[in-house]
$ cat final_12.cif   # mmCIF, C-alpha atoms and all ligand atoms
data_input
#
loop_
_atom_site.group_PDB
_atom_site.id
_atom_site.type_symbol
_atom_site.label_atom_id
_atom_site.label_comp_id
_atom_site.auth_asym_id
_atom_site.auth_seq_id
_atom_site.Cartn_x
_atom_site.Cartn_y
_atom_site.Cartn_z
ATOM 1 C CA MET D 1 -165.163 -154.697 18.664
ATOM 2 C CA SER D 2 -164.421 -154.809 14.941
ATOM 3 C CA ASP D 3 -165.973 -152.541 12.365
ATOM 4 C CA GLU D 4 -167.434 -155.337 10.397
ATOM 5 C CA THR D 5 -168.846 -154.681 6.960
ATOM 6 C CA ILE D 6 -171.637 -156.590 5.363
ATOM 7 C CA SER D 7 -172.363 -157.010 1.685
ATOM 8 C CA CYS D 8 -175.947 -155.906 1.345
ATOM 9 C CA SER D 9 -177.939 -158.480 -0.591
ATOM 10 C CA ALA D 10 -180.386 -155.816 -1.777
ATOM 11 C CA CYS D 11 -178.053 -153.124 -3.173
ATOM 12 C CA ASN D 12 -174.761 -155.058 -3.281
ATOM 13 C CA ARG D 13 -172.888 -152.353 -1.412
ATOM 14 C CA LYS D 14 -170.568 -152.941 1.480
ATOM 15 C CA THR D 15 -172.228 -151.423 4.467
ATOM 16 C CA PRO D 16 -170.980 -151.163 8.022
ATOM 17 C CA LYS D 17 -172.585 -153.349 10.608
ATOM 18 C CA ASN D 18 -174.737 -151.123 12.763
ATOM 19 C CA MET D 19 -177.092 -151.330 15.659
ATOM 20 C CA TYR D 20 -180.148 -150.740 13.520
ATOM 21 C CA ASN D 21 -179.417 -153.976 11.690
ATOM 22 C CA LYS D 22 -180.204 -152.330 8.384
ATOM 23 C CA CYS D 23 -178.269 -151.323 5.298
ATOM 24 C CA VAL D 24 -177.281 -147.662 5.637
ATOM 25 C CA TYR D 25 -177.785 -147.138 1.897
ATOM 26 C CA CYS D 26 -181.056 -148.791 1.002
ATOM 27 C CA GLY D 27 -182.498 -149.649 4.402
ATOM 28 C CA ALA D 28 -182.791 -153.345 3.684
ATOM 29 C CA PRO D 29 -182.659 -155.345 6.902
ATOM 30 C CA TYR D 30 -179.571 -157.464 7.442
ATOM 31 C CA PRO D 31 -179.713 -161.195 7.811
ATOM 32 C CA GLN D 32 -180.079 -162.074 11.442
ATOM 33 C CA LYS D 33 -176.583 -163.556 11.682
ATOM 34 C CA HIS D 34 -175.217 -160.006 11.259
ATOM 35 C CA TRP D 35 -177.427 -158.455 13.874
ATOM 36 C CA PHE D 36 -176.027 -156.718 16.891
ATOM 37 C CA SER D 37 -176.490 -158.619 20.062
ATOM 38 C CA ASP D 38 -178.045 -156.722 22.950
ATOM 39 C CA GLU D 39 -174.606 -156.632 24.504
ATOM 40 C CA GLN D 40 -173.047 -155.076 21.414
ATOM 41 C CA LYS D 41 -175.921 -152.638 21.176
ATOM 42 C CA ALA D 42 -175.506 -151.551 24.775
ATOM 43 C CA TYR D 43 -171.785 -151.187 24.218
ATOM 44 C CA LYS D 44 -172.320 -149.112 21.086
ATOM 45 C CA ILE D 45 -174.836 -146.848 22.784
ATOM 46 C CA ALA D 46 -172.479 -146.307 25.700
ATOM 47 C CA GLN D 47 -169.709 -145.523 23.253
ATOM 48 C CA LEU D 48 -171.864 -143.016 21.374
ATOM 49 C CA LYS D 49 -172.855 -141.341 24.613
ATOM 50 C CA GLU D 50 -169.218 -141.024 25.581
ATOM 51 C CA GLU D 51 -168.361 -139.554 22.199
ATOM 52 C CA ASN D 52 -171.222 -137.088 22.437
ATOM 53 C CA GLU D 53 -170.172 -136.054 25.878
ATOM 54 C CA ALA D 54 -166.559 -135.593 24.774
ATOM 55 C CA ALA D 55 -167.660 -133.552 21.765
ATOM 56 C CA ARG D 56 -169.897 -131.401 23.963
ATOM 57 C CA GLN D 57 -167.034 -130.747 26.343
ATOM 58 C CA ARG D 58 -164.689 -129.832 23.526
ATOM 59 C CA LEU D 59 -167.271 -127.421 22.156
ATOM 60 C CA GLU D 60 -167.804 -125.851 25.538
ATOM 61 C CA GLU D 61 -164.076 -125.470 26.073
ATOM 62 C CA SER D 62 -163.561 -123.777 22.727
ATOM 63 C CA ARG D 63 -166.515 -121.500 23.428
ATOM 64 C CA ASN D 64 -165.087 -120.543 26.780
ATOM 65 C CA LYS D 65 -161.750 -119.857 25.179
ATOM 66 C CA GLU D 66 -163.371 -117.657 22.568
ATOM 67 C CA LYS D 67 -165.258 -115.792 25.238
ATOM 68 C CA GLU D 68 -162.062 -115.235 27.185
ATOM 69 C CA GLN D 69 -160.270 -113.901 24.158
ATOM 70 C CA GLU D 70 -163.202 -111.699 23.295
ATOM 71 C CA GLU D 71 -163.173 -110.260 26.793
ATOM 72 C CA LYS D 72 -159.457 -109.702 26.687
ATOM 73 C CA ARG D 73 -159.853 -107.939 23.388
ATOM 74 C CA ARG D 74 -162.622 -105.786 24.758
ATOM 75 C CA ARG D 75 -160.668 -104.870 27.848
ATOM 76 C CA ARG D 76 -157.672 -103.946 25.729
ATOM 77 C CA ASP D 77 -159.798 -101.878 23.368
ATOM 78 C CA SER D 78 -161.537 -99.987 26.142
ATOM 79 C CA SER D 79 -158.245 -99.066 27.812
ATOM 80 C CA TYR D 80 -157.381 -96.789 24.931
HETATM 81 ZN ZN ZN H 101 -178.451 -152.063 0.765
#
$ encode --input "final_12.cif" --output "structure tokens"
Amino acid sequence: MSDETISCSACNRKTPKNMYNKCVYCGAPYPQKHWFSDEQKAYKIAQLKEENEAARQRLEESRNKEKEQEEKRRRRDSSY
């Protein structure tokens, strides 16, 4: 899927096509020919979910790593 941009007729800015079918700057609705189809919407939502999940996993991993290092540090400190 391409990251299509649309020239907003209300504010004249180039705005990315999005599933809300609105200009991200001024909120003016896009002409219907630029609307997401249900298929594209479903695809986008699935993609966002995947990205969220990946981000959550990365965060968890880095937290676990921090915890591990913190524990190692503590163990080392307490051995003195
Ligand atoms: Zn606009």
$ closest_residue --input "final_12.cif" --among "D:Ala55, D:Cys26, D:Ile6, D:Ala46" --to "ligand ZN 101 (chain H)" --atoms "all atoms listed in the file"
D:Cys26
$ residues_near_ligand --input "final_12.cif" --ligand "ligand ZN 101 (chain H)" --cutoff "7 Å" --atoms "all atoms listed in the file" --output "short mmCIF file (atom, residue, chain, number, x, y, z; two decimals) with C-alpha atoms, in the coordinates of the input"
data_model
loop_
_atom_site.label_atom_id
_atom_site.label_comp_id
_atom_site.auth_asym_id
_atom_site.auth_seq_id
_atom_site.Cartn_x
_atom_site.Cartn_y
_atom_site.Cartn_z
CA CYS D 8 -175.95 -155.91 1.34
CA SER D 9 -177.94 -158.48 -0.59
CA ALA D 10 -180.39 -155.82 -1.78
CA CYS D 11 -178.05 -153.12 -3.17
CA ASN D 12 -174.76 -155.06 -3.28
CA ARG D 13 -172.89 -152.35 -1.41
CA CYS D 23 -178.27 -151.32 5.30
CA VAL D 24 -177.28 -147.66 5.64
CA TYR D 25 -177.78 -147.14 1.90
CA CYS D 26 -181.06 -148.79 1.00
CA GLY D 27 -182.50 -149.65 4.40
CA ALA D 28 -182.79 -153.34 3.68
#
$ resolve_selection --input "final_12.cif" --expression "the PyMOL selection byres (((chain D and resi 20) around 12) and not hetatm)" --output "list in words"
Pro16, Lys17, Asn18, Met19, Asn21, Lys22, Cys23, Val24, Gly27, Ala28, Pro29, Tyr30, Pro31, Gln32, His34, Trp35, Phe36, Ser37, Asp38, Gln40, Lys41, Lys44 and Ile45 of chain D
$ write_last_selection --input "final_12.cif" --atoms "C-alpha atoms" --output "short mmCIF file (atom, residue, chain, number, x, y, z; two decimals), keeping the file's coordinate frame"
data_model
loop_
_atom_site.label_atom_id
_atom_site.label_comp_id
_atom_site.auth_asym_id
_atom_site.auth_seq_id
_atom_site.Cartn_x
_atom_site.Cartn_y
_atom_site.Cartn_z
CA PRO D 16 -170.98 -151.16 8.02
CA LYS D 17 -172.58 -153.35 10.61
CA ASN D 18 -174.74 -151.12 12.76
CA MET D 19 -177.09 -151.33 15.66
CA ASN D 21 -179.42 -153.98 11.69
CA LYS D 22 -180.20 -152.33 8.38
CA CYS D 23 -178.27 -151.32 5.30
CA VAL D 24 -177.28 -147.66 5.64
CA GLY D 27 -182.50 -149.65 4.40
CA ALA D 28 -182.79 -153.34 3.68
CA PRO D 29 -182.66 -155.34 6.90
CA TYR D 30 -179.57 -157.46 7.44
CA PRO D 31 -179.71 -161.20 7.81
CA GLN D 32 -180.08 -162.07 11.44
CA HIS D 34 -175.22 -160.01 11.26
CA TRP D 35 -177.43 -158.46 13.87
CA PHE D 36 -176.03 -156.72 16.89
CA SER D 37 -176.49 -158.62 20.06
CA ASP D 38 -178.04 -156.72 22.95
CA GLN D 40 -173.05 -155.08 21.41
CA LYS D 41 -175.92 -152.64 21.18
CA LYS D 44 -172.32 -149.11 21.09
CA ILE D 45 -174.84 -146.85 22.78
#
$ atom_distance --input "final_12.cif" --atom1 "CA of Asp3 (chain D)" --atom2 "CA of Lys49 (chain D)"
18.0 Å
$ atom_distance --input "final_12.cif" --atom1 "CA of Lys33 (chain D)" --atom2 "CA of Glu50 (chain D)"
27.5 Å
$ atom_distance --input "final_12.cif" --atom1 "CA of Arg63 (chain D)" --atom2 "CA of Arg75 (chain D)"
18.2 Å
